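Peer 1: Here's a structure for you.
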Amino acid sequence: MPETLLRNASVVVTMDDAGTELAEADILIRDGVIAAVGHGLRTAGEVHDMAGCVVTPGLVNTHHHLYQSLTRAVPGAQNAALFGWLQTLYPIWARFTPEHMRVSAMTGLAELALSGCTMSSDHLYLYPNGSRLDDTIEAAAAIGLRLHATRGAMSIGESDGGLPPDSLVEDEAAILTDCLRVIDAFHDPAPGAMIRVGVAPCSPFSVSRELMRDAAVLARDKGVMLHTHLAENDEDIAYSLEKFGCRPGQYAEELGWTGPDVWHAHCVKLDGAEIDLFARTRTGVAHCPCSNCRLASGIAPVRAMRDAGVPVGLGVDGSASNDAGDLVAEARMAMLLQRVASGPGAMSPREALRIATRGGAEVLGRGAEIGQLAPGYRADIAVWDVSGVEAAGNWDPAALLLAGPTHVRDLFVEGRRVVAEGKLATVDLPAILRDQRRLAEGLARGE
């Protein structure tokens with residue numbers, strides 16, 4: 001791959017250990033990797049002028065359900081809490097086909113890319129009508145983002161006391177068999193990997209204790225990460241106490257679901273002992289503030305988690321509970337909610353941006369490769385034009401989350417330009433949106 005030079009950025013926010021920010025600086029990219037960051041850099045390759053722009057590491061999304069991009073603002077679910085929201089949407093999702101999965105994933109990933117995201121995880125836990133995790137993986141390859149795809153699952157249906165309809169649950173032996181298939185087919189453990197695969201039973205209330213334990217054993221045997229939902233709201237805590245006789249953190253620990261190879265979504269209701277457990281074991285958390293607000297789940301104790309040493313990243317969650325996939329908006333909301341909970345000094349815009357970049361990279365096991373703009377790191381880079389009306393009057397352009405653009409001008413993943421001058425450079429987005437409208441309208445008609 002030829003060299004690429006990003007020249008004369010107004011500010012380069014490196015996110016290195018020292019918090020270095022460089023004015024009027026350059027970034028040299030070679031073979032998908034950052035070769036140099038500094039001043040007066042030169043190349044015989046491609047040059048992009050970054051004047052009037054703030055350059056940051058690409059944002060990292062640690063929790064999403066991409067398939068939900070076709071079911072935003074569904075009327076029956078607009079004002080429900082988690083369990084009622086799920087029961088409204090499950091019958092709609094049961095009608096999905098592989099085309100629904102592919103188009104919804106393309107839509108969600110396009111939205112993420114335009115909001116500065118260079119790497120996303122995805123938690124796909126239902127597979128109706130022949131759908132497979134492969135559909136989402138193919139979509140990510142087309143858009144050009146890094147993907148940590150997780151093979152989710154549900155095995156306890158309504159007839160066994162679970163929430164999902166029986167048509168959406170799977171046999172547990174078949175679940176484990178397909179986990180092995182997708183890991184062997186797609187997981188790339190090499191540095192710079194564009195696709196990795198994790199194992200992700202949906203939640204403690206939709207799979208058995210045995211599947212949770214077996215999934216952990218399988219994942220560690222294959223050297224992949226583990227992911228699930230945990231301690232999302234008061235209903236979640238009540239269910240755990242009633243069914244398991246313990247809090248969610250204790251349940252996770254008993255089944256092997258703590259450690260640096262595990263990350264849990266939400267964790268809104270972790271108590272002090274659970275926070276200490278996660279800090280001690282380096283168990284990661286995907287914080288999803290907009291979804292937590294939308295479903296009235298509460299404000300996650302992110303300040304306490306970070307102070308204790310829990311690895312924390314951001315997640316947009318599914319577009320049926322957000323109802324957006326904008327990672328910049330998520331970072332801003334994370335900052336604001338911690339201030340509401342703990343005072344105006346509880347979280348700065350730079351700390352929130354750090355959670356959205358380095359924090360997410362560390363949670364997904366990629367902290368040595370992405371999340372910083374430094375020599376040797378992968379060239380996953382977001383370019384923000386601060387010369388427009390959204391940043392007008394801003395005295396501190398690097399404080400993007402207070403006053404700045406919500407969409408990138410350019411986005412580079414592994415040194416390749418995915419967004420150019422504010423538009424996707426890899427796919428025909430209008431064509432994807434036409435497919436999205438057709439499929440969403442069909443679902444609304446009951447098709």
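Numbering starts fresh at 1 for the residues of each chain in the structure tokens, the chains themselves are lettered A, B, ... in the order given, and ligands are numbered from 1 as they appear.
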Please list as a list in words every residue within 8 Å of His287 in chain A, counting only C-alpha atoms and excluding residues in the same chain fewer than 3 positions away.

Peer 2: Ala265, His266, Cys267, Ala300, Val302, Val312, Gly313, Leu314 and Gly315 of chain A

Peer 1: CA of Asp317 in chain A to CA of His187 in chain A: how many Å, to one decimal?

Peer 2: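 Separating CA of Asp317 in chain A from CA of His187 in chain A is a distance of 22.4 Å.
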
Peer 1: Where does range 311-389 of chain A meet range 93-111 of chain A within 12 Å, residue by residue, with the nearest atom pair and distance in Å to one decimal for each, counting only C-alpha atoms, listed by chain and rising number, as JSON lines?

Peer 2:
{"residue": "A:Val316", "atom": "CA", "partner": "A:Gly108", "partner_atom": "CA", "distance": 10.3}
{"residue": "A:Asp317", "atom": "CA", "partner": "A:Gly108", "partner_atom": "CA", "distance": 10.7}
{"residue": "A:Gly318", "atom": "CA", "partner": "A:Gly108", "partner_atom": "CA", "distance": 9.0}
{"residue": "A:Ser319", "atom": "CA", "partner": "A:Gly108", "partner_atom": "CA", "distance": 7.9}
{"residue": "A:Ala320", "atom": "CA", "partner": "A:Trp93", "partner_atom": "CA", "distance": 10.9}
{"residue": "A:Asn322", "atom": "CA", "partner": "A:Gly108", "partner_atom": "CA", "distance": 12.0}
{"residue": "A:Asp323", "atom": "CA", "partner": "A:Gly108", "partner_atom": "CA", "distance": 10.9}
{"residue": "A:Ala324", "atom": "CA", "partner": "A:Glu111", "partner_atom": "CA", "distance": 8.3}
{"residue": "A:Gly325", "atom": "CA", "partner": "A:Glu111", "partner_atom": "CA", "distance": 6.0}
{"residue": "A:Asp326", "atom": "CA", "partner": "A:Glu111", "partner_atom": "CA", "distance": 6.7}
{"residue": "A:Leu327", "atom": "CA", "partner": "A:Glu111", "partner_atom": "CA", "distance": 9.1}
{"residue": "A:Val328", "atom": "CA", "partner": "A:Glu111", "partner_atom": "CA", "distance": 11.1}
{"residue": "A:Ala329", "atom": "CA", "partner": "A:Glu111", "partner_atom": "CA", "distance": 11.9}

Peer 1: Show me, as a list of chain:residue names, the residues that have an atom within 12 Å of Pro91 in chain A when counting only C-alpha atoms, minus same-chain residues fewer than 3 positions from it.

Peer 2: A:Thr71, A:Gly76, A:Trp85, A:Leu86, A:Gln87, A:Thr88, A:Ala94, A:Arg95, A:Phe96, A:Leu126, A:Pro128, A:Leu163, A:Pro164, A:Pro165, A:Asp166, A:Ser167, A:Leu168, A:Leu443, A:Ala444, A:Gly446, A:Glu447

Peer 1: Can you tell me which residues surround Arg181 in chain A at a distance of at most 12 Å, considering only C-alpha atoms, apart from same-chain residues fewer than 6 positions away, and format the answer as a VMD selection string?

Peer 2: chain A and resid 132 to 134 151 174 to 175 187 197 to 199 218 222

Peer 1: Would you export the selected residues with all heavy atoms as a short mmCIF file (atom, residue, chain, number, x, y, z; two decimals), in the first residue's frame, please?

Peer 2:
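Result written to again.cif:
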data_model
loop_
_atom_site.label_atom_id
_atom_site.label_comp_id
_atom_site.auth_asym_id
_atom_site.auth_seq_id
_atom_site.Cartn_x
_atom_site.Cartn_y
_atom_site.Cartn_z
N ARG A 132 -27.74 -15.93 9.33
CA ARG A 132 -26.49 -16.39 9.93
C ARG A 132 -25.63 -15.19 10.28
O ARG A 132 -25.82 -14.09 9.74
CB ARG A 132 -25.72 -17.31 8.97
CG ARG A 132 -26.47 -18.55 8.53
CD ARG A 132 -25.56 -19.55 7.84
NE ARG A 132 -24.89 -18.99 6.67
CZ ARG A 132 -23.90 -19.59 6.01
NH1 ARG A 132 -23.46 -20.78 6.42
NH2 ARG A 132 -23.36 -19.03 4.95
N LEU A 133 -24.69 -15.39 11.16
CA LEU A 133 -23.74 -14.33 11.49
C LEU A 133 -22.96 -13.90 10.25
O LEU A 133 -22.53 -12.74 10.13
CB LEU A 133 -22.78 -14.80 12.57
CG LEU A 133 -21.88 -13.76 13.21
CD1 LEU A 133 -22.68 -12.65 13.88
CD2 LEU A 133 -20.94 -14.41 14.23
N ASP A 134 -22.82 -14.79 9.31
CA ASP A 134 -22.11 -14.52 8.06
C ASP A 134 -22.67 -13.29 7.35
O ASP A 134 -21.94 -12.53 6.70
CB ASP A 134 -22.21 -15.71 7.12
CG ASP A 134 -21.89 -17.04 7.77
OD1 ASP A 134 -22.32 -17.27 8.92
OD2 ASP A 134 -21.24 -17.88 7.13
N ARG A 151 -21.23 -14.36 18.19
CA ARG A 151 -22.28 -15.34 17.91
C ARG A 151 -23.14 -15.46 19.18
O ARG A 151 -22.84 -16.16 20.12
CB ARG A 151 -21.66 -16.70 17.55
CG ARG A 151 -22.50 -17.61 16.66
CD ARG A 151 -23.84 -17.99 17.26
NE ARG A 151 -24.59 -18.89 16.38
CZ ARG A 151 -25.79 -19.35 16.64
NH1 ARG A 151 -26.42 -19.00 17.77
NH2 ARG A 151 -26.40 -20.17 15.78
N ALA A 174 -26.74 -27.20 19.15
CA ALA A 174 -26.61 -26.57 17.84
C ALA A 174 -25.95 -25.20 17.96
O ALA A 174 -25.17 -24.79 17.08
CB ALA A 174 -27.98 -26.45 17.18
N ILE A 175 -26.25 -24.49 19.03
CA ILE A 175 -25.63 -23.19 19.26
C ILE A 175 -24.11 -23.33 19.37
O ILE A 175 -23.36 -22.60 18.70
CB ILE A 175 -26.19 -22.55 20.55
CG1 ILE A 175 -27.65 -22.11 20.35
CG2 ILE A 175 -25.33 -21.35 20.98
CD1 ILE A 175 -28.37 -21.79 21.64
N HIS A 187 -12.71 -15.99 12.43
CA HIS A 187 -11.90 -15.32 13.46
C HIS A 187 -10.44 -15.22 13.03
O HIS A 187 -9.81 -16.21 12.65
CB HIS A 187 -11.97 -16.09 14.77
CG HIS A 187 -11.16 -15.46 15.87
ND1 HIS A 187 -11.49 -14.26 16.43
CD2 HIS A 187 -10.01 -15.88 16.49
CE1 HIS A 187 -10.58 -13.96 17.36
NE2 HIS A 187 -9.68 -14.91 17.41
N VAL A 197 -14.15 -12.85 16.09
CA VAL A 197 -15.41 -13.46 16.48
C VAL A 197 -15.39 -13.74 17.97
O VAL A 197 -14.37 -14.18 18.51
CB VAL A 197 -15.67 -14.76 15.69
CG1 VAL A 197 -16.94 -15.46 16.18
CG2 VAL A 197 -15.78 -14.46 14.19
N GLY A 198 -16.52 -13.48 18.64
CA GLY A 198 -16.67 -13.81 20.05
C GLY A 198 -17.88 -14.69 20.27
O GLY A 198 -18.68 -14.91 19.36
N VAL A 199 -18.01 -15.20 21.48
CA VAL A 199 -19.13 -16.06 21.87
C VAL A 199 -19.99 -15.27 22.84
O VAL A 199 -19.49 -14.73 23.82
CB VAL A 199 -18.62 -17.36 22.50
CG1 VAL A 199 -19.78 -18.24 22.97
CG2 VAL A 199 -17.74 -18.13 21.50
N LEU A 218 -15.83 -23.14 25.82
CA LEU A 218 -15.56 -23.17 24.38
C LEU A 218 -14.73 -21.96 23.96
O LEU A 218 -13.75 -22.08 23.21
CB LEU A 218 -16.89 -23.19 23.63
CG LEU A 218 -16.84 -23.27 22.09
CD1 LEU A 218 -18.09 -23.95 21.56
CD2 LEU A 218 -16.72 -21.89 21.44
N LYS A 222 -10.90 -21.88 22.30
CA LYS A 222 -10.63 -21.34 20.96
C LYS A 222 -9.88 -20.01 21.01
O LYS A 222 -9.52 -19.47 19.96
CB LYS A 222 -11.94 -21.17 20.20
CG LYS A 222 -12.74 -22.46 20.01
CD LYS A 222 -12.00 -23.46 19.14
CE LYS A 222 -11.95 -23.07 17.70
NZ LYS A 222 -11.35 -24.11 16.83
#

Peer 1: Which one is closest to Pro349 in chain A: A:Ala361, A:Leu114, A:Ala399, A:Ile381? Count only C-alpha atoms.

Peer 2: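 Smallest separation from Pro349 in chain A among the options: A:Ala399.
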
Peer 1: List the neighbours of Gly161 in chain A out to 10 Å using only C-alpha atoms; skip same-chain residues closer than 5 positions along the sequence, and give me the result as a count of residues only.

Peer 2: 3

Peer 1: Leaving out range 400-412 of chain A and any residue of its chain fewer than 3 positions from it, which residues lie within 9 Å of it when counting only C-alpha atoms, given as a PyMOL selection string?

Peer 2: chain A and resi 53-54+58+113-118+326-329+331-332+335+349-350+352-353+379-386+388-394+396-397+415-424
